[in-house]
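The file data_8.txt contains compact mmCIF, C-alpha atoms:
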# COMPACT_ATOMS: atom_id res chain seq x y z
CA MET D 272 42.42 145.97 158.57
CA ASN D 273 43.02 146.29 154.80
CA THR D 274 39.60 145.77 153.22
CA ILE D 275 38.17 146.11 149.74
CA ILE D 276 34.55 146.62 148.65
CA CYS D 277 33.15 145.09 145.48
CA ARG D 278 31.77 147.79 143.16
CA HIS D 279 29.04 145.49 141.87
CA CYS D 280 27.56 143.77 144.94
CA ASP D 281 29.09 145.83 147.83
CA LEU D 282 30.60 142.78 149.53
CA VAL D 283 33.29 143.83 152.00
CA SER D 284 36.24 141.44 152.13
CA GLU D 285 39.83 141.45 153.22
CA ARG D 286 42.22 142.54 150.50
CA PRO D 287 44.41 139.57 149.57
CA VAL D 288 48.11 139.97 148.82
CA LEU D 289 48.62 139.08 145.18
CA THR D 290 51.72 138.48 143.15
CA LYS D 291 52.08 140.16 139.77
CA GLY D 292 49.81 138.72 137.10
CA TYR D 293 47.06 137.45 139.43
CA VAL D 294 43.52 138.80 139.78
CA ALA D 295 41.38 139.17 142.91
CA LYS D 296 37.70 138.33 142.32
CA CYS D 297 34.64 138.90 144.48
CA ALA D 298 33.55 135.77 146.39
CA ARG D 299 29.87 136.59 145.81
CA CYS D 300 29.52 137.86 142.23
CA GLN D 301 32.92 136.90 140.73
CA HIS D 302 33.59 140.39 139.35
CA THR D 303 37.22 141.49 139.27
CA LEU D 304 38.15 143.52 142.34
CA TYR D 305 41.65 144.43 141.21
CA LYS D 306 44.61 143.09 139.30
CA ALA D 307 48.10 142.71 140.69
CA LYS D 308 49.80 144.93 138.17
CA ALA D 309 52.83 147.12 138.71
CA ALA D 310 52.33 150.22 136.60
CA ASN D 311 55.39 151.91 135.13
CA ALA D 312 54.85 155.53 136.22
CA LYS D 313 57.67 156.92 134.03
CA LYS D 314 56.24 155.23 130.93
CA ILE D 315 52.73 156.48 131.69
CA LEU D 316 54.09 159.98 132.31
CA ALA D 317 55.83 159.96 128.92
CA LEU D 318 52.71 158.67 127.16
CA ALA D 319 50.48 161.21 128.89
CA LEU D 320 52.76 164.15 128.08
CA THR D 321 52.93 163.07 124.44
CA ALA D 322 49.13 162.73 124.33
CA LEU D 323 48.72 166.24 125.73
CA LEU D 324 51.08 167.59 123.07
CA LEU D 325 49.23 165.76 120.27
CA ALA D 326 45.74 166.78 121.41
CA PRO D 327 45.67 170.37 120.00
CA PRO D 328 46.63 169.41 116.42
CA ALA D 329 44.46 166.26 116.57
CA PHE D 330 41.37 168.31 117.41
CA SER D 331 42.07 171.48 115.41
CA PHE D 332 43.67 170.23 112.18
CA SER D 333 41.44 169.09 109.33
CA LEU D 334 40.68 165.35 109.34
CA VAL D 335 39.44 164.90 105.81
CA SER D 336 38.67 166.96 102.71
CA VAL D 337 35.47 166.08 100.86
CA HIS D 338 35.28 167.07 97.17
CA LEU D 339 31.71 166.92 95.85
CA LEU D 340 30.19 168.68 92.82
CA GLY D 341 33.20 170.93 92.40
CA VAL D 342 33.19 172.06 96.03
CA THR D 343 35.81 171.00 98.58
CA GLU D 344 34.95 171.08 102.29
CA GLN D 345 37.31 170.49 105.19
CA THR D 346 36.40 169.82 108.79
CA ASN D 347 38.00 168.86 112.08
CA LEU D 348 36.62 166.95 115.05
CA LEU D 349 35.45 170.01 116.98
CA GLN D 350 33.74 171.58 113.95
CA GLY D 351 31.94 168.30 113.21
CA ALA D 352 30.68 168.05 116.79
CA LEU D 353 29.62 171.71 116.89
CA LEU D 354 27.65 171.29 113.64
CA LEU D 355 25.55 168.68 115.45
CA ILE D 356 24.39 171.13 118.12
CA ASP D 357 21.52 172.50 116.01
CA PHE D 358 20.23 169.05 115.00
CA ALA D 359 21.12 166.80 117.94
CA PRO D 360 22.49 168.73 120.94
CA ILE D 361 22.70 165.67 123.21
CA VAL D 362 24.71 163.73 120.62
CA ALA D 363 26.97 166.76 120.12
CA PHE D 364 27.58 167.00 123.88
CA VAL D 365 28.36 163.28 124.16
CA VAL D 366 30.78 163.44 121.19
CA ILE D 367 32.58 166.50 122.59
CA PHE D 368 32.80 165.00 126.07
CA CYS D 369 33.78 161.42 125.15
CA ALA D 370 36.04 162.23 122.19
CA VAL D 371 37.65 165.50 123.34
CA VAL D 372 37.17 166.42 127.00
CA ALA D 373 37.52 162.96 128.61
CA PRO D 374 40.69 161.89 126.71
CA VAL D 375 42.43 165.21 127.43
CA LEU D 376 41.40 165.19 131.11
CA LEU D 377 42.45 161.54 131.40
CA ALA D 378 45.90 162.32 129.98
CA ALA D 379 46.23 165.32 132.32
CA CYS D 380 45.20 163.25 135.38
CA MET D 381 47.56 160.40 134.51
CA CYS D 382 50.34 162.91 133.87
CA PHE D 383 49.77 164.53 137.27
CA SER D 384 49.56 161.29 139.28
CA SER D 385 52.52 159.71 137.45
CA ALA D 386 54.61 162.83 138.04
CA CYS D 387 53.73 162.55 141.75
CA ILE D 388 55.08 158.98 141.81
CA VAL D 389 58.22 159.88 139.86
CA LEU D 390 58.93 162.91 142.08
CA ASN D 391 57.72 161.06 145.23
CA LYS D 392 55.33 163.88 146.14
CA ARG D 393 51.81 163.72 147.55
CA PRO D 394 49.92 167.00 147.00
CA HIS D 395 46.41 167.60 148.36
CA LEU D 396 44.87 167.27 144.88
CA LEU D 397 46.14 163.72 144.43
CA SER D 398 43.15 161.89 145.94
CA PRO D 399 40.51 163.65 143.76
CA VAL D 400 42.74 163.23 140.69
CA LEU D 401 42.99 159.45 141.25
CA LYS D 402 39.20 159.25 141.71
CA MET D 403 38.65 161.28 138.54
CA THR D 404 41.09 159.05 136.63
CA SER D 405 39.14 155.90 137.51
CA LEU D 406 35.95 157.57 136.20
CA LEU D 407 37.47 159.04 133.04
CA ILE D 408 38.90 155.70 131.93
CA HIS D 409 35.31 154.56 131.27
CA TRP D 410 34.28 157.80 129.51
CA SER D 411 37.29 158.26 127.23
CA MET D 412 35.91 156.80 124.00
CA LEU D 413 38.08 158.19 121.24
CA GLU D 414 38.08 154.79 119.51
CA VAL D 415 34.27 154.82 119.21
CA TYR D 416 34.41 158.20 117.46
CA ILE D 417 37.13 157.01 115.06
CA VAL D 418 35.21 153.83 114.18
CA SER D 419 32.02 155.81 113.46
CA PHE D 420 34.09 158.36 111.51
CA MET D 421 35.60 155.60 109.36
CA VAL D 422 32.14 154.12 108.72
CA ALA D 423 30.94 157.55 107.54
CA LEU D 424 33.98 157.86 105.26
CA PHE D 425 33.32 154.42 103.81
CA LYS D 426 29.75 155.43 102.95
CA LEU D 427 30.83 158.82 101.52
CA ASN D 428 33.50 157.23 99.36
CA SER D 429 31.01 156.24 96.66
CA TYR D 430 29.54 159.77 96.43
CA ALA D 431 32.55 162.07 96.78
CA ASP D 432 36.30 162.25 96.49
CA LEU D 433 37.98 162.02 99.89
CA TYR D 434 41.43 163.29 100.82
CA TYR D 435 42.89 162.47 104.22
CA ASP D 436 44.50 165.40 105.99
CA ASN D 437 47.12 165.69 108.73
CA GLY D 438 44.57 165.88 111.53
CA LEU D 439 43.55 162.27 110.95
CA PHE D 440 47.11 161.04 111.52
CA PHE D 441 47.38 163.09 114.73
CA LEU D 442 44.01 161.70 115.87
CA VAL D 443 45.05 158.09 115.23
CA ALA D 444 48.34 158.69 117.07
CA LEU D 445 46.38 160.19 119.98
CA LEU D 446 44.10 157.13 120.01
CA ILE D 447 47.11 154.76 120.18
CA LEU D 448 48.62 156.78 123.04
CA ASN D 449 45.28 156.86 124.87
CA MET D 450 44.83 153.10 124.64
CA SER D 451 48.46 152.50 125.67
CA MET D 452 48.02 154.68 128.76
CA ILE D 453 44.85 152.86 129.80
CA CYS D 454 46.53 149.44 129.30
CA GLU D 455 49.57 150.46 131.35
CA TYR D 456 47.66 152.22 134.15
CA SER D 457 46.63 150.46 137.35
CA ASN D 458 44.43 152.46 139.69
CA ALA D 459 44.98 149.97 142.54
CA TYR D 460 48.76 150.26 142.15
CA TYR D 461 48.63 154.06 142.34
CA TRP D 462 46.40 154.03 145.44
CA ASP D 463 48.62 151.41 147.10
CA PHE D 464 51.77 153.36 146.30
CA PHE D 465 50.53 156.49 148.05
CA THR D 466 48.74 154.82 150.97
CA ASN D 467 51.62 152.50 151.83
CA GLU D 468 54.41 155.04 151.67

Written form, C-alpha cells:
Amino acid sequence: MNTIICRHCDLVSERPVLTKGYVAKCARCQHTLYKAKAANAKKILALALTALLLAPPAFSFSLVSVHLLGVTEQTNLLQGALLLIDFAPIVAFVVIFCAVVAPVLLAACMCFSSACIVLNKRPHLLSPVLKMTSLLIHWSMLEVYIVSFMVALFKLNSYADLYYDNGLFFLVALLILNMSMICEYSNAYYWDFFTNE
C-alpha cells in the first residue's frame, strides 16, 4: 500500500493520486504533505550546474570596497565570516554553513539527482542524496546573508565611501539561481520517479 506519513503529527495515511497543481494536506493537522508538481529535471540540472560554476567567484571575489579615513579595505564573504571566529564563533559557523556550505551542497545534490533522471540511472548514492537535498533546502539561507549584508552597507553608507565590486554581482546571481532551483524542485516528484520506474 502506498502510504505517506505527516512530518508534523506522524499521521499515517494513504497517498492520494493528485493532478498537477493540487496539494495533499494532513487530515489531522492540515499541514502540507506534498504538492503535485512535475519538476523539470533538465532545467534544474542547468540551474544547478550554473550555480556550481558561479559559487567560486561569488565567495572569493571582493563584495565591496570600503574607503574610510584614507584607507580602502576589501573583503569577500569567506573573509567576513572568518573574521567573526574570534568574536562570535557560533555566528561565524552558522554564516559559513548557511551562506556557503549549504547552498553549494544543495546545488551539487540537485545536480546529481537531476542528472540521474536525465540519464535514467539509479546509483546507490541516490537515496542519501535525495534525503540530504530535502534537509539542505531548509538550511540554504543565502538570501538572509544578503539582506543582513545590505543592511550593514546601508548603515555604513553615512560613515564611509562604498564601492561595489564584482563579487557582489556574482553573489546576487548565485542567490537568484539558488531560489530558482528551490522553486522548481519537487522532492516528492524525484522520489516518485525513482520508486515507480

(message) Set the distance at 12 Å and use only C-alpha atoms: which residues neighbour D:Leu396 once local chain neighbours fewer than 6 positions away are removed? I'd like the list as a PyMOL selection string.
(response) chain D and resi 380+383-384+387+402-403

May I have a table of the residues of stretch 313-398 of chain D lying at most 8 Å from stretch 433-441 of chain D, giving each one's closest pair of atoms and their distance in Å to one decimal, counting all atoms listed in the file, ordered by chain and ascending residue number, as a Markdown table?
| residue | atom | partner | partner_atom | distance |
| --- | --- | --- | --- | --- |
| D:Leu325 | CA | D:Phe441 | CA | 6.4 |
| D:Ala326 | CA | D:Phe441 | CA | 7.8 |
| D:Pro328 | CA | D:Gly438 | CA | 6.4 |
| D:Ala329 | CA | D:Phe441 | CA | 4.7 |
| D:Phe330 | CA | D:Gly438 | CA | 7.1 |
| D:Ser331 | CA | D:Gly438 | CA | 7.3 |
| D:Phe332 | CA | D:Gly438 | CA | 4.5 |
| D:Ser333 | CA | D:Gly438 | CA | 5.0 |
| D:Leu334 | CA | D:Gly438 | CA | 4.5 |
| D:Val335 | CA | D:Tyr435 | CA | 4.5 |
| D:Ser336 | CA | D:Tyr434 | CA | 5.0 |
| D:Val337 | CA | D:Leu433 | CA | 4.9 |
| D:His338 | CA | D:Leu433 | CA | 6.3 |
| D:Asn347 | CA | D:Gly438 | CA | 7.2 |

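Atom CA of D:Ser429 is positioned 24.0 Å from atom CA of D:Glu414.
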
(message) Using all atoms listed in the file, can you tell me which of D:Leu397, D:Ala370, D:Leu324, D:Lys296 comes closest to D:Leu348?
(response)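 Under the stated criterion, the closest residue is D:Ala370.
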
Taking all atoms of stretch 345-353 of chain D that appear in the file, build a box with edges along x, y and z, extend it by 8 Å on every side, and state its centre and edge lengths in Å to one decimal, as JSON.
{"center_x": 33.8, "center_y": 169.3, "center_z": 111.1, "size_x": 24.4, "size_y": 20.8, "size_z": 27.8}

(request) Could you please determine the separation between atom CA of D:Ala317 and atom CA of D:Ile453 in Å, to one decimal place? (result) 13.1 Å

(request) Kindly extract all protein, DNA and RNA residues lying within 8 Å of the coordinates (35.4, 171.4, 120.0) given in the file, considering all atoms listed in the file, and supply them as a list in words. (result) Phe330, Leu348, Leu349, Gln350, Ala352, Leu353, Ile367 and Val371 of chain D

(message) Just the number, please: distance in Å from atom CA of D:Val342 to atom CA of D:Val362, one decimal.
(response) 27.3 Å

(request) Return the single residue from D:Ser284, D:Ile315, D:Leu427, D:Ser398 that is closest to D:Glu455, with distances computed using all atoms listed in the file. (result)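 Of D:Ser284, D:Ile315, D:Leu427, D:Ser398, the one nearest D:Glu455 is D:Ile315, counting all atoms listed in the file.
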
(message) Here is a test: counting only C-alpha atoms, which residue of D:Asn311, D:Thr343, D:Asn391, D:Ser411 is nearest to D:Asn449?
(response)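 The answer is D:Ser411, which sits nearest to D:Asn449.
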
(request) Give me the residues within 12 Å of D:Ile388 as an NGL selection string, counting only C-alpha atoms and dropping any in the same chain fewer than 2 places off. (result) :D and (310-316 or 381-386 or 390-394 or 397 or 460-466 or 468)

(request) Point out the residue among D:Leu445, D:Leu354, D:Leu407, D:Val400 with the least atom-to-atom distance to D:Ala319, counting only C-alpha atoms. (result) D:Leu445

(request) Go through D:Trp410, D:Tyr293, D:Phe425, D:Tyr430 and flag the residue nearest D:Pro374, using all atoms listed in the file for the distances. (result)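 So, comparing all the options, the nearest one is D:Trp410.
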
(message) Which residue is closest to D:His279? Choose from D:Arg299, D:Phe368, D:Ser419, D:Leu376 and count all atoms listed in the file.
(response)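 When distances to D:His279 are compared using all atoms listed in the file, the smallest one comes from D:Arg299.
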
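Using all atoms listed in the file, the residues found no farther than 12 Å from D:Thr274, other than those of its own chain fewer than 3 positions away, are Cys277, Asp281, Leu282, Val283, Ser284, Glu285, Arg286, Pro287, Val288 and Leu304 of chain D.
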